Every structure is written in C-alpha cells, then in structure tokens.
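Have a look at target_16.cif; it's mmCIF, C-alpha atoms:
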data_model
#
loop_
_atom_site.group_PDB
_atom_site.id
_atom_site.type_symbol
_atom_site.label_atom_id
_atom_site.label_comp_id
_atom_site.auth_asym_id
_atom_site.auth_seq_id
_atom_site.Cartn_x
_atom_site.Cartn_y
_atom_site.Cartn_z
ATOM 1 C CA MET U 196 26.033 22.592 12.378
ATOM 2 C CA LYS U 197 27.225 21.700 15.855
ATOM 3 C CA LYS U 198 30.476 19.786 16.144
ATOM 4 C CA VAL U 199 31.289 17.930 19.337
ATOM 5 C CA PHE U 200 34.898 17.199 20.302
ATOM 6 C CA TYR U 201 35.808 14.612 22.943
ATOM 7 C CA ALA U 202 39.062 14.262 24.855
ATOM 8 C CA PHE U 203 39.846 11.608 27.435
ATOM 9 C CA LEU U 204 42.929 10.877 29.384
ATOM 10 C CA SER U 205 46.388 9.537 29.943
ATOM 11 C CA PHE U 206 46.402 5.883 29.231
ATOM 12 C CA MET U 207 42.903 5.704 27.733
ATOM 13 C CA PHE U 208 39.321 5.750 28.977
ATOM 14 C CA LEU U 209 35.788 7.079 28.654
ATOM 15 C CA PRO U 210 35.294 10.613 27.397
ATOM 16 C CA THR U 211 35.709 13.104 30.186
ATOM 17 C CA LEU U 212 36.455 16.359 28.407
ATOM 18 C CA PHE U 213 34.453 17.790 25.553
ATOM 19 C CA SER U 214 34.261 20.991 23.548
ATOM 20 C CA CYS U 215 31.354 22.165 21.426
ATOM 21 C CA SER U 216 31.809 24.339 18.381
ATOM 22 C CA SER U 217 29.508 26.077 15.926
ATOM 23 C CA ALA U 218 32.457 27.452 13.987
ATOM 24 C CA PRO U 219 32.548 27.420 10.161
ATOM 25 C CA GLN U 220 34.001 24.341 8.543
ATOM 26 C CA GLY U 221 37.783 24.325 8.411
ATOM 27 C CA VAL U 222 40.382 21.901 7.104
ATOM 28 C CA SER U 223 40.301 18.691 9.139
ATOM 29 C CA LYS U 224 42.289 15.496 9.333
ATOM 30 C CA GLU U 225 41.742 12.513 11.599
ATOM 31 C CA ILE U 226 44.522 10.069 12.419
ATOM 32 C CA TYR U 227 44.931 7.097 14.722
ATOM 33 C CA ALA U 228 47.851 7.667 17.075
ATOM 34 C CA PHE U 229 48.614 7.042 20.732
ATOM 35 C CA SER U 230 45.907 4.338 20.705
ATOM 36 C CA THR U 231 43.118 6.792 19.910
ATOM 37 C CA LEU U 232 41.603 8.920 17.152
ATOM 38 C CA ILE U 233 42.999 12.443 17.028
ATOM 39 C CA ASN U 234 41.255 15.191 15.090
ATOM 40 C CA ILE U 235 43.094 18.257 13.797
ATOM 41 C CA THR U 236 40.986 21.161 12.526
ATOM 42 C CA ALA U 237 42.414 24.500 11.377
ATOM 43 C CA TYR U 238 40.496 27.441 9.920
ATOM 44 C CA ASP U 239 43.133 29.793 8.497
ATOM 45 C CA CYS U 240 45.388 27.522 6.435
ATOM 46 C CA ASP U 241 45.229 24.897 3.712
ATOM 47 C CA GLU U 242 45.577 21.134 4.053
ATOM 48 C CA THR U 243 49.362 21.280 3.669
ATOM 49 C CA TYR U 244 49.727 22.564 7.232
ATOM 50 C CA VAL U 245 47.167 20.180 8.681
ATOM 51 C CA ASN U 246 48.946 17.254 7.016
ATOM 52 C CA ALA U 247 52.250 18.482 8.458
ATOM 53 C CA ALA U 248 50.669 18.649 11.916
ATOM 54 C CA ALA U 249 49.415 15.083 11.492
ATOM 55 C CA GLN U 250 52.929 13.994 10.538
ATOM 56 C CA ILE U 251 54.289 15.470 13.771
ATOM 57 C CA LEU U 252 51.814 13.384 15.774
ATOM 58 C CA GLU U 253 52.552 10.235 13.786
ATOM 59 C CA THR U 254 56.290 10.702 14.305
ATOM 60 C CA TYR U 255 56.007 10.945 18.078
ATOM 61 C CA ASN U 256 53.507 8.097 18.151
ATOM 62 C CA LYS U 257 56.171 5.828 16.642
ATOM 63 C CA LEU U 258 58.979 7.181 18.808
ATOM 64 C CA ALA U 259 57.049 6.646 22.063
ATOM 65 C CA ASP U 260 55.676 3.210 21.189
ATOM 66 C CA ASN U 261 56.824 0.670 23.786
ATOM 67 C CA PHE U 262 55.145 -2.321 22.118
ATOM 68 C CA LEU U 263 56.126 -2.172 18.428
ATOM 69 C CA SER U 264 59.221 -1.332 16.400
ATOM 70 C CA TYR U 265 59.257 0.495 13.060
ATOM 71 C CA SER U 266 61.609 0.361 10.127
ATOM 72 C CA GLY U 267 63.989 3.309 10.062
ATOM 73 C CA CYS U 268 62.980 4.495 13.526
ATOM 74 C CA ILE U 269 64.656 3.721 16.858
ATOM 75 C CA ASN U 270 61.948 4.045 19.491
ATOM 76 C CA VAL U 271 61.137 3.245 23.125
ATOM 77 C CA ASN U 272 60.445 -0.398 22.325
ATOM 78 C CA ASP U 273 63.893 -0.729 20.774
ATOM 79 C CA ILE U 274 65.518 0.843 23.830
ATOM 80 C CA ASN U 275 63.644 -1.432 26.232
ATOM 81 C CA ASN U 276 64.601 -4.546 24.271
ATOM 82 C CA ALA U 277 68.250 -3.652 23.750
ATOM 83 C CA PRO U 278 70.870 -5.522 25.846
ATOM 84 C CA LYS U 279 71.334 -3.876 29.225
ATOM 85 C CA GLU U 280 74.317 -1.551 29.643
ATOM 86 C CA THR U 281 74.309 -0.981 25.874
ATOM 87 C CA PRO U 282 74.015 2.633 24.620
ATOM 88 C CA VAL U 283 71.250 3.003 22.024
ATOM 89 C CA ALA U 284 71.579 5.832 19.500
ATOM 90 C CA ILE U 285 68.370 7.859 19.182
ATOM 91 C CA SER U 286 67.035 10.821 17.207
ATOM 92 C CA ASP U 287 66.972 14.407 18.452
ATOM 93 C CA GLU U 288 63.195 14.178 18.783
ATOM 94 C CA LEU U 289 63.263 11.158 21.096
ATOM 95 C CA LEU U 290 66.251 12.519 22.999
ATOM 96 C CA ASN U 291 64.422 15.768 23.745
ATOM 97 C CA LEU U 292 61.244 13.901 24.720
ATOM 98 C CA LEU U 293 63.184 11.770 27.210
ATOM 99 C CA ILE U 294 64.984 14.804 28.623
ATOM 100 C CA PHE U 295 61.637 16.575 28.992
ATOM 101 C CA SER U 296 60.173 13.509 30.713
ATOM 102 C CA GLU U 297 62.999 13.514 33.256
ATOM 103 C CA LYS U 298 62.399 17.223 33.889
ATOM 104 C CA MET U 299 58.729 16.460 34.564
ATOM 105 C CA MET U 300 59.696 13.640 36.916
ATOM 106 C CA ALA U 301 61.766 16.139 38.910
ATOM 107 C CA ALA U 302 59.088 18.843 38.736
ATOM 108 C CA THR U 303 56.426 16.472 40.105
ATOM 109 C CA ASP U 304 58.729 15.184 42.855
ATOM 110 C CA GLY U 305 58.624 11.747 41.270
ATOM 111 C CA TYR U 306 54.830 11.389 41.149
ATOM 112 C CA PHE U 307 55.180 11.217 37.374
ATOM 113 C CA ASP U 308 57.655 8.460 36.553
ATOM 114 C CA PRO U 309 58.451 7.526 32.929
ATOM 115 C CA TYR U 310 60.404 4.440 34.035
ATOM 116 C CA LEU U 311 57.604 2.248 35.394
ATOM 117 C CA GLY U 312 57.248 0.211 32.202
ATOM 118 C CA THR U 313 57.551 -3.207 33.842
ATOM 119 C CA ILE U 314 54.838 -2.307 36.362
ATOM 120 C CA THR U 315 52.440 -0.562 33.968
ATOM 121 C CA SER U 316 52.601 -3.599 31.676
ATOM 122 C CA LEU U 317 51.614 -5.856 34.564
ATOM 123 C CA TYR U 318 48.664 -3.651 35.485
ATOM 124 C CA LYS U 319 47.513 -3.417 31.877
ATOM 125 C CA GLU U 320 47.489 -7.212 31.658
ATOM 126 C CA ALA U 321 45.471 -7.350 34.888
ATOM 127 C CA ILE U 322 42.951 -4.810 33.583
ATOM 128 C CA GLU U 323 42.522 -6.656 30.277
ATOM 129 C CA SER U 324 41.960 -9.995 32.035
ATOM 130 C CA GLU U 325 40.168 -8.471 35.053
ATOM 131 C CA THR U 326 42.313 -10.457 37.443
ATOM 132 C CA ALA U 327 43.839 -9.046 40.600
ATOM 133 C CA PRO U 328 47.505 -8.139 40.078
ATOM 134 C CA ASN U 329 50.107 -9.941 42.141
ATOM 135 C CA MET U 330 51.068 -7.286 44.688
ATOM 136 C CA GLU U 331 54.171 -9.189 45.790
ATOM 137 C CA GLN U 332 55.354 -9.206 42.192
ATOM 138 C CA ILE U 333 54.594 -5.490 41.880
ATOM 139 C CA ALA U 334 56.566 -4.774 45.056
ATOM 140 C CA GLU U 335 59.526 -6.691 43.630
ATOM 141 C CA LEU U 336 59.306 -4.855 40.291
ATOM 142 C CA LEU U 337 59.124 -1.528 42.097
ATOM 143 C CA LYS U 338 62.273 -2.393 44.038
ATOM 144 C CA LYS U 339 64.029 -3.326 40.796
ATOM 145 C CA ARG U 340 62.879 -0.076 39.185
ATOM 146 C CA GLN U 341 64.342 1.884 42.101
ATOM 147 C CA ASN U 342 67.639 0.038 41.679
ATOM 148 C CA GLY U 343 67.666 0.449 37.908
ATOM 149 C CA GLN U 344 69.111 3.376 36.039
ATOM 150 C CA VAL U 345 68.494 5.247 32.799
ATOM 151 C CA THR U 346 71.452 7.200 31.427
ATOM 152 C CA ILE U 347 70.719 9.850 28.805
ATOM 153 C CA ASP U 348 73.804 11.100 26.970
ATOM 154 C CA SER U 349 72.759 14.325 25.253
ATOM 155 C CA VAL U 350 76.191 14.791 23.656
ATOM 156 C CA ASN U 351 76.369 11.410 21.946
ATOM 157 C CA LYS U 352 72.562 11.143 21.701
ATOM 158 C CA THR U 353 72.276 7.747 23.341
ATOM 159 C CA VAL U 354 70.182 6.098 26.053
ATOM 160 C CA THR U 355 71.427 3.253 28.251
ATOM 161 C CA LEU U 356 69.292 1.114 30.553
ATOM 162 C CA SER U 357 70.873 -0.603 33.547
ATOM 163 C CA GLY U 358 69.067 -3.152 35.667
ATOM 164 C CA ASP U 359 65.454 -4.342 35.367
ATOM 165 C CA ILE U 360 63.871 -1.071 34.228
ATOM 166 C CA SER U 361 61.894 -0.018 31.152
ATOM 167 C CA ILE U 362 60.534 3.197 29.697
ATOM 168 C CA ASP U 363 56.812 3.978 29.374
ATOM 169 C CA LEU U 364 55.922 7.440 28.029
ATOM 170 C CA GLY U 365 52.173 6.803 27.877
ATOM 171 C CA ALA U 366 51.415 9.570 30.363
ATOM 172 C CA ILE U 367 53.319 12.301 28.536
ATOM 173 C CA ALA U 368 53.992 11.540 24.860
ATOM 174 C CA LYS U 369 50.617 12.578 23.492
ATOM 175 C CA GLY U 370 50.550 15.897 25.316
ATOM 176 C CA TYR U 371 54.146 16.535 24.285
ATOM 177 C CA ALA U 372 53.293 15.826 20.631
ATOM 178 C CA LEU U 373 50.210 18.060 20.753
ATOM 179 C CA ASN U 374 52.379 20.846 22.109
ATOM 180 C CA LYS U 375 54.711 20.385 19.132
ATOM 181 C CA VAL U 376 51.698 20.858 16.848
ATOM 182 C CA LYS U 377 50.785 23.998 18.790
ATOM 183 C CA GLU U 378 54.333 25.319 18.304
ATOM 184 C CA TYR U 379 54.214 24.434 14.605
ATOM 185 C CA PHE U 380 50.949 26.343 14.126
ATOM 186 C CA ALA U 381 52.325 29.359 16.003
ATOM 187 C CA GLY U 382 55.456 29.333 13.845
ATOM 188 C CA ASN U 383 53.292 29.463 10.716
ATOM 189 C CA ASN U 384 50.891 32.153 12.005
ATOM 190 C CA ILE U 385 47.989 29.711 12.247
ATOM 191 C CA THR U 386 45.801 30.975 15.078
ATOM 192 C CA HIS U 387 42.328 29.456 14.551
ATOM 193 C CA TYR U 388 42.349 25.733 15.332
ATOM 194 C CA ILE U 389 41.412 22.899 17.662
ATOM 195 C CA VAL U 390 43.377 19.690 18.129
ATOM 196 C CA ASN U 391 41.380 17.009 19.911
ATOM 197 C CA GLY U 392 43.756 14.508 21.478
ATOM 198 C CA GLY U 393 41.130 11.825 21.967
ATOM 199 C CA LEU U 394 41.869 10.113 25.265
ATOM 200 C CA SER U 395 44.021 12.780 26.803
ATOM 201 C CA SER U 396 44.254 16.388 25.724
ATOM 202 C CA ILE U 397 42.765 19.281 23.809
ATOM 203 C CA VAL U 398 44.793 22.151 22.384
ATOM 204 C CA LEU U 399 42.753 25.221 21.499
ATOM 205 C CA GLY U 400 43.586 28.251 19.412
ATOM 206 C CA GLU U 401 41.149 31.018 18.526
ATOM 207 C CA LYS U 402 37.583 30.098 17.561
ATOM 208 C CA PRO U 403 36.419 31.649 14.274
ATOM 209 C CA ASN U 404 33.718 34.307 14.642
ATOM 210 C CA ASP U 405 33.554 33.892 18.416
ATOM 211 C CA GLU U 406 35.683 35.982 20.774
ATOM 212 C CA ASN U 407 34.602 33.868 23.755
ATOM 213 C CA GLY U 408 36.320 30.761 22.438
ATOM 214 C CA TYR U 409 35.255 27.124 22.636
ATOM 215 C CA SER U 410 32.755 25.898 25.222
ATOM 216 C CA VAL U 411 34.310 23.129 27.316
ATOM 217 C CA GLY U 412 32.636 20.820 29.797
ATOM 218 C CA VAL U 413 33.546 17.718 31.756
ATOM 219 C CA LYS U 414 31.359 14.675 31.235
ATOM 220 C CA GLY U 415 29.703 13.784 34.521
ATOM 221 C CA LEU U 416 29.837 17.354 35.794
ATOM 222 C CA ASP U 417 26.560 18.424 34.210
ATOM 223 C CA ASP U 418 26.641 22.060 35.323
ATOM 224 C CA TYR U 419 30.262 22.687 34.450
ATOM 225 C CA VAL U 420 30.964 24.678 31.254
ATOM 226 C CA VAL U 421 33.718 27.217 30.569
ATOM 227 C CA TYR U 422 34.713 29.153 27.455
ATOM 228 C CA LEU U 423 38.356 28.902 26.489
ATOM 229 C CA LYS U 424 40.805 29.841 23.734
ATOM 230 C CA ASN U 425 44.575 29.832 23.209
ATOM 231 C CA VAL U 426 45.076 27.236 25.893
ATOM 232 C CA SER U 427 45.830 23.550 26.476
ATOM 233 C CA LEU U 428 43.807 21.122 28.587
ATOM 234 C CA ALA U 429 44.588 17.687 29.980
ATOM 235 C CA THR U 430 42.625 15.262 32.095
ATOM 236 C CA SER U 431 43.464 12.137 34.033
ATOM 237 C CA SER U 432 40.661 9.778 34.985
ATOM 238 C CA ILE U 433 39.882 6.263 36.159
ATOM 239 C CA SER U 434 36.587 6.133 34.267
ATOM 240 C CA GLU U 435 37.392 3.312 31.851
ATOM 241 C CA GLN U 436 40.702 1.594 32.524
ATOM 242 C CA SER U 437 39.718 0.211 35.888
ATOM 243 C CA PHE U 438 37.903 -2.757 37.397
ATOM 244 C CA SER U 439 36.855 -4.057 40.805
ATOM 245 C CA ILE U 440 37.266 -7.454 42.447
ATOM 246 C CA ASN U 441 35.575 -8.033 45.800
ATOM 247 C CA GLY U 442 35.213 -4.307 46.270
ATOM 248 C CA GLU U 443 38.880 -3.589 45.490
ATOM 249 C CA LEU U 444 39.431 -1.041 42.698
ATOM 250 C CA TYR U 445 42.335 -1.453 40.288
ATOM 251 C CA THR U 446 43.255 1.229 37.725
ATOM 252 C CA HIS U 447 46.048 2.072 35.280
ATOM 253 C CA ILE U 448 47.277 5.032 37.363
ATOM 254 C CA ILE U 449 50.169 3.890 39.541
ATOM 255 C CA ASN U 450 51.665 5.507 42.602
ATOM 256 C CA PRO U 451 55.421 5.399 41.830
ATOM 257 C CA PHE U 452 56.296 5.211 45.521
ATOM 258 C CA THR U 453 53.988 2.395 46.624
ATOM 259 C CA GLY U 454 53.107 0.527 43.418
ATOM 260 C CA SER U 455 49.400 0.948 44.271
ATOM 261 C CA SER U 456 46.899 1.601 41.481
ATOM 262 C CA LYS U 457 44.318 3.242 43.766
ATOM 263 C CA PRO U 458 44.634 7.002 43.204
ATOM 264 C CA LEU U 459 43.212 9.561 45.603
ATOM 265 C CA TYR U 460 40.870 11.055 42.986
ATOM 266 C CA SER U 461 38.694 9.937 40.100
ATOM 267 C CA LEU U 462 39.373 12.933 37.838
ATOM 268 C CA VAL U 463 41.912 15.719 37.440
ATOM 269 C CA LEU U 464 41.487 18.470 34.827
ATOM 270 C CA LEU U 465 44.309 20.949 34.190
ATOM 271 C CA LYS U 466 44.505 24.096 32.089
ATOM 272 C CA GLY U 467 47.741 25.759 31.031
ATOM 273 C CA ASN U 468 50.044 26.506 28.123
ATOM 274 C CA ASP U 469 52.230 23.420 27.699
ATOM 275 C CA ALA U 470 50.211 20.297 26.858
ATOM 276 C CA GLY U 471 53.149 18.036 27.655
ATOM 277 C CA MET U 472 53.519 19.445 31.158
ATOM 278 C CA LEU U 473 49.769 19.191 31.711
ATOM 279 C CA ASP U 474 49.766 15.548 30.609
ATOM 280 C CA ALA U 475 52.475 14.636 33.124
ATOM 281 C CA PHE U 476 51.096 16.728 35.975
ATOM 282 C CA SER U 477 47.508 15.500 35.546
ATOM 283 C CA THR U 478 48.752 11.952 36.116
ATOM 284 C CA ALA U 479 50.965 13.032 39.022
ATOM 285 C CA PHE U 480 48.154 14.982 40.712
ATOM 286 C CA MET U 481 46.019 11.830 40.919
ATOM 287 C CA ASN U 482 48.264 10.630 43.779
ATOM 288 C CA MET U 483 49.191 13.956 45.367
ATOM 289 C CA SER U 484 47.598 15.485 48.453
ATOM 290 C CA GLU U 485 45.318 18.493 48.047
ATOM 291 C CA GLU U 486 48.020 20.718 49.527
ATOM 292 C CA MET U 487 50.617 19.482 47.034
ATOM 293 C CA ILE U 488 48.248 20.020 44.107
ATOM 294 C CA VAL U 489 47.573 23.619 45.107
ATOM 295 C CA THR U 490 51.270 24.321 45.692
ATOM 296 C CA LYS U 491 52.432 22.767 42.416
ATOM 297 C CA ALA U 492 49.642 24.402 40.408
ATOM 298 C CA GLU U 493 50.589 27.808 41.751
ATOM 299 C CA GLU U 494 54.289 27.158 41.139
ATOM 300 C CA TYR U 495 53.822 26.159 37.489
ATOM 301 C CA GLY U 496 50.846 28.374 36.613
ATOM 302 C CA PHE U 497 48.210 25.666 36.101
ATOM 303 C CA SER U 498 44.493 25.909 36.710
ATOM 304 C CA TYR U 499 42.996 22.754 38.203
ATOM 305 C CA LEU U 500 39.736 20.957 38.859
ATOM 306 C CA VAL U 501 39.629 17.763 40.915
ATOM 307 C CA SER U 502 36.796 15.311 41.566
ATOM 308 C CA LYS U 503 36.759 12.361 43.936
ATOM 309 C CA ASP U 504 33.627 10.678 42.580
ATOM 310 C CA GLY U 505 33.526 11.818 38.937
ATOM 311 C CA SER U 506 30.325 13.821 39.390
ATOM 312 C CA ASN U 507 31.109 16.459 42.025
ATOM 313 C CA ILE U 508 33.942 18.981 42.165
ATOM 314 C CA TYR U 509 36.224 18.457 45.162
ATOM 315 C CA ILE U 510 38.657 21.360 44.681
ATOM 316 C CA ARG U 511 39.166 23.847 41.878
ATOM 317 C CA SER U 512 41.081 27.011 41.101
ATOM 318 C CA THR U 513 39.115 30.213 40.658
ATOM 319 C CA ASP U 514 39.591 30.415 36.877
ATOM 320 C CA LEU U 515 38.548 26.885 35.970
#
When written as structure tokens, how does the structure in this file appear?
Amino acid sequence: MKKVFYAFLSFMFLPTLFSCSSAPQGVSKEIYAFSTLINITAYDCDETYVNAAAQILETYNKLADNFLSYSGCINVNDINNAPKETPVAISDELLNLLIFSEKMMAATDGYFDPYLGTITSLYKEAIESETAPNMEQIAELLKKRQNGQVTIDSVNKTVTLSGDISIDLGAIAKGYALNKVKEYFAGNNITHYIVNGGLSSIVLGEKPNDENGYSVGVKGLDDYVVYLKNVSLATSSISEQSFSINGELYTHIINPFTGSSKPLYSLVLLKGNDAGMLDAFSTAFMNMSEEMIVTKAEEYGFSYLVSKDGSNIYIRSTDL
C-alpha cells in the first residue's frame, strides 16, 4: 500500500514537499502541533518510543506558542506579555531554543530574526482579512524592534525584554523540535523512521527494505524526484499564506531589514542534517541574493533548490 507524506513550510501553507513510501507498516502516531498535523512513523521500535517522540513535539509546541499560555509552563507568550525590563524565569528547553535562535540570527546575518513578533502579527492579521498592511505602521514597528533588546541570561535562566519587541519562533521551533526527535531516535538506536512535519519539515531515517531511501518530490515541480535517507529537509514557500491587492503581493515572509513581505523567491528547499538550522535558513534564503545563498549553503553544508515561480527551478546544488 502506498503512503504519501506531505510537508509544507515555515508559517503554514499548501503542500510543497512530499515523500512516497511503500515500506511495511510501522508504529505511527499523529498529533496536532505547531498549527499542523505531524505524523511520526517508526519501524524498529514499539509505541513507547513513538509516544515519547510525540511528547517532545508537544513540549516544544507549548514552549514556542506566542498566542496561548499553559498551566505549569512558562512559554513565549508569557515572556511577551510580562512587564518590560522584568526577567522571566524559563526552562532549560526554552532557554536552549532561544540561544539557538540567536545563533541562527547571527549565522544568517540577520535574515532570520526571531524578534519580529509585533510585525509578523500585523502581517498575519492582514493576510486573514486580506487587507493591505499599513506600511507606515510596519516601518514604525521595525524601528522599535531595532531599538528593542532581548537579554538572555543563561546562568540564571531568565529572559528580559526591553522596549517594544516580542518573540516569534514560528520559523524555527518546529524544525528544532523535529531535530530533537531525530536525536532521541538516534540515542535509542532507532534508525528506520519518517517524521512528517506537516507545513515545514521532513526528517528521514532509513527506509525499511529499500536501500535507496524515500522518494521525495516538490509539488509544482512535476519532474523533480530524489531518493533520500538519513537526512532532514525544510521548505519555505509563499504558496498559501499570501494574497494580492491591485497586483501587489503580500506574504507572511518578512524581510527583517525593510519590513517588506515580498520575498525574492516563491520556494526554497534545503537538505541537511539539522532540521532546526534548515528551518531558519530556508526562511532567511527567501530574501537573500543568489550569491549569498550559494555562499551560506557552502559554509554550512546545505543542499538547496530555489524557484522563483513555484514551477521551475531557478538555482540548485548538484546533489539536490
């Protein structure tokens, strides 16, 4: 029986990435996290390990939530709503996620920015109502973000926000959590699995009874299929969370330097080892020049595929 797995991208849209499998039935669990359905399937373990993997995803889903609070869990929403200049005590898991996010901001030269919460919220409201965002307001929020500050105290395990700034980990949290599942499986000698991250990422282990691995294609690129295993994939796309008014396109992918939501590309697909890094870089690459993409991909060991129109490949590395 053929099973089809779909993965989409950072912030949520139409399926762009899919993997087909004719592997024997394993142990599967589907959960709703990071605003999408995530499927975990493993072939060389019992349900105890799959349930533990699901718990990892659910934990990070709560920690990264910037809309809701949860009993017994200090999360991003709690930090954003705390009085300014007030240190907020956080768990090791959230502390490490925030530290990792800052590392990715530095690695991408600021093209991935986890502190654009006030601006991403405004764009999301515009997309939902299909009304043009107020660019003067966005410019003012961007100025405030640049003047704001986030202080992470790794010794005392606190986070302090100063100024009009808020955290939004929507472009990294899911990939980061999937990578934690990958690490958990590796630590328990689980090698045959696939974790479908719904709107963002796929993490692949070995495919049972097939040395070639899983067949992966990109929706819209009809002739594109590769066979992969023991790898992570992430995509960023404008295919669903976007709308046009009078010929002007508005998306959820924001240029941190200009406040514009008009990326240079329609689709970025990355292949590598760390799903969290791929999640951040796929978003960052949407606003980078071709030269920067090639340079960064070579520096961090990513394979890349980029499309400008969603149906034709613009640039790609030789192994993707």
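When only C-alpha atoms are used to compute distances to Gly393 of chain U, the closest of the residues U:Glu225, U:Glu486, U:Glu323, U:Asp469 turns out to be U:Glu225.
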Residues within 6 Å of Ser506 of chain U, please, as a PDB file with C-alpha atoms, keeping the file's coordinate frame. Count all atoms listed in the file; anything in the same chain fewer than 2 positions from it doesn't count.
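File written: part.pdb
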ATOM      1  CA  GLY U 415      29.703  13.784  34.521  1.00  0.00           C
ATOM      2  CA  LEU U 416      29.837  17.354  35.794  1.00  0.00           C
ATOM      3  CA  ASP U 504      33.627  10.678  42.580  1.00  0.00           C
TER       4      ASP U 504
END
- Do you know which residues the PyMOL selection byres ((chain U and resi 500-503) around 10) returns on this file, as number ranges by chain? U: 413, 416, 430-432, 458-466, 477, 480-481, 485, 488, 498-499, 504-515
| said: the PyMOL selection byres ((chain U and resi 317) around 10) - which residues does that actually catch in the file I just gave you? List them as a list in words. | reply: Gly312, Thr313, Ile314, Thr315, Ser316, Tyr318, Lys319, Glu320, Ala321, Ile322, Pro328, Asn329, Gln332, Ile333, Leu336 and His447 of chain U
With distances taken over only C-alpha atoms, the candidate from U:Glu401, U:Ala368, U:Ile433, U:Thr446 nearest Met299 of chain U is U:Ala368
Skip Val426 of chain U itself and residues of its chain fewer than 6 positions away, then list as an mmCIF file with C-alpha atoms, in the coordinates of the input all residues within 8 Å of it, counting all atoms listed in the file.
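The result, written out as around.cif:
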data_model
loop_
_atom_site.group_PDB
_atom_site.id
_atom_site.type_symbol
_atom_site.label_atom_id
_atom_site.label_comp_id
_atom_site.auth_asym_id
_atom_site.auth_seq_id
_atom_site.Cartn_x
_atom_site.Cartn_y
_atom_site.Cartn_z
ATOM 1 C CA VAL U 398 44.793 22.151 22.384
ATOM 2 C CA LEU U 399 42.753 25.221 21.499
ATOM 3 C CA GLY U 400 43.586 28.251 19.412
ATOM 4 C CA LYS U 466 44.505 24.096 32.089
ATOM 5 C CA GLY U 467 47.741 25.759 31.031
ATOM 6 C CA ASN U 468 50.044 26.506 28.123
#
Please complete segment 333-354 of chain U so it has N, CA and C atoms, and hand it over as a PDB file, in the frame of the given file.
ATOM      1  N   ILE U 333      54.489  -6.926  42.112  1.00  0.00           N
ATOM      2  CA  ILE U 333      54.594  -5.490  41.880  1.00  0.00           C
ATOM      3  C   ILE U 333      55.614  -4.865  42.825  1.00  0.00           C
ATOM      4  N   ALA U 334      55.598  -5.291  44.089  1.00  0.00           N
ATOM      5  CA  ALA U 334      56.566  -4.774  45.056  1.00  0.00           C
ATOM      6  C   ALA U 334      58.002  -5.103  44.626  1.00  0.00           C
ATOM      7  N   GLU U 335      58.202  -6.293  44.093  1.00  0.00           N
ATOM      8  CA  GLU U 335      59.526  -6.691  43.630  1.00  0.00           C
ATOM      9  C   GLU U 335      59.947  -5.879  42.404  1.00  0.00           C
ATOM     10  N   LEU U 336      58.999  -5.659  41.472  1.00  0.00           N
ATOM     11  CA  LEU U 336      59.306  -4.855  40.291  1.00  0.00           C
ATOM     12  C   LEU U 336      59.606  -3.410  40.658  1.00  0.00           C
ATOM     13  N   LEU U 337      58.886  -2.899  41.651  1.00  0.00           N
ATOM     14  CA  LEU U 337      59.124  -1.528  42.097  1.00  0.00           C
ATOM     15  C   LEU U 337      60.516  -1.399  42.705  1.00  0.00           C
ATOM     16  N   LYS U 338      60.925  -2.396  43.461  1.00  0.00           N
ATOM     17  CA  LYS U 338      62.273  -2.393  44.038  1.00  0.00           C
ATOM     18  C   LYS U 338      63.325  -2.424  42.936  1.00  0.00           C
ATOM     19  N   LYS U 339      63.089  -3.254  41.912  1.00  0.00           N
ATOM     20  CA  LYS U 339      64.029  -3.326  40.796  1.00  0.00           C
ATOM     21  C   LYS U 339      64.080  -2.011  40.035  1.00  0.00           C
ATOM     22  N   ARG U 340      62.894  -1.375  39.865  1.00  0.00           N
ATOM     23  CA  ARG U 340      62.879  -0.076  39.185  1.00  0.00           C
ATOM     24  C   ARG U 340      63.715   0.942  39.951  1.00  0.00           C
ATOM     25  N   GLN U 341      63.593   0.936  41.272  1.00  0.00           N
ATOM     26  CA  GLN U 341      64.342   1.884  42.101  1.00  0.00           C
ATOM     27  C   GLN U 341      65.840   1.627  42.041  1.00  0.00           C
ATOM     28  N   ASN U 342      66.218   0.380  41.785  1.00  0.00           N
ATOM     29  CA  ASN U 342      67.639   0.038  41.679  1.00  0.00           C
ATOM     30  C   ASN U 342      68.169   0.170  40.260  1.00  0.00           C
ATOM     31  N   GLY U 343      67.254   0.302  39.299  1.00  0.00           N
ATOM     32  CA  GLY U 343      67.666   0.449  37.908  1.00  0.00           C
ATOM     33  C   GLY U 343      68.074   1.876  37.597  1.00  0.00           C
ATOM     34  N   GLN U 344      68.623   2.051  36.411  1.00  0.00           N
ATOM     35  CA  GLN U 344      69.111   3.376  36.039  1.00  0.00           C
ATOM     36  C   GLN U 344      68.938   3.597  34.539  1.00  0.00           C
ATOM     37  N   VAL U 345      68.568   4.830  34.194  1.00  0.00           N
ATOM     38  CA  VAL U 345      68.494   5.247  32.799  1.00  0.00           C
ATOM     39  C   VAL U 345      69.492   6.378  32.604  1.00  0.00           C
ATOM     40  N   THR U 346      70.434   6.186  31.689  1.00  0.00           N
ATOM     41  CA  THR U 346      71.452   7.200  31.427  1.00  0.00           C
ATOM     42  C   THR U 346      71.206   7.817  30.059  1.00  0.00           C
ATOM     43  N   ILE U 347      70.939   9.117  30.051  1.00  0.00           N
ATOM     44  CA  ILE U 347      70.719   9.850  28.805  1.00  0.00           C
ATOM     45  C   ILE U 347      71.960  10.681  28.509  1.00  0.00           C
ATOM     46  N   ASP U 348      72.591  10.390  27.395  1.00  0.00           N
ATOM     47  CA  ASP U 348      73.804  11.100  26.970  1.00  0.00           C
ATOM     48  C   ASP U 348      73.406  12.072  25.865  1.00  0.00           C
ATOM     49  N   SER U 349      73.225  13.336  26.220  1.00  0.00           N
ATOM     50  CA  SER U 349      72.759  14.325  25.253  1.00  0.00           C
ATOM     51  C   SER U 349      73.830  14.720  24.251  1.00  0.00           C
ATOM     52  N   VAL U 350      75.102  14.465  24.584  1.00  0.00           N
ATOM     53  CA  VAL U 350      76.191  14.791  23.656  1.00  0.00           C
ATOM     54  C   VAL U 350      76.269  13.753  22.542  1.00  0.00           C
ATOM     55  N   ASN U 351      76.286  12.485  22.932  1.00  0.00           N
ATOM     56  CA  ASN U 351      76.369  11.410  21.946  1.00  0.00           C
ATOM     57  C   ASN U 351      75.000  10.923  21.472  1.00  0.00           C
ATOM     58  N   LYS U 352      73.949  11.453  22.072  1.00  0.00           N
ATOM     59  CA  LYS U 352      72.562  11.143  21.701  1.00  0.00           C
ATOM     60  C   LYS U 352      72.278   9.647  21.843  1.00  0.00           C
ATOM     61  N   THR U 353      72.535   9.156  23.053  1.00  0.00           N
ATOM     62  CA  THR U 353      72.276   7.747  23.341  1.00  0.00           C
ATOM     63  C   THR U 353      71.506   7.618  24.643  1.00  0.00           C
ATOM     64  N   VAL U 354      70.860   6.452  24.816  1.00  0.00           N
ATOM     65  CA  VAL U 354      70.182   6.098  26.053  1.00  0.00           C
ATOM     66  C   VAL U 354      70.649   4.711  26.454  1.00  0.00           C
TER      67      VAL U 354
END
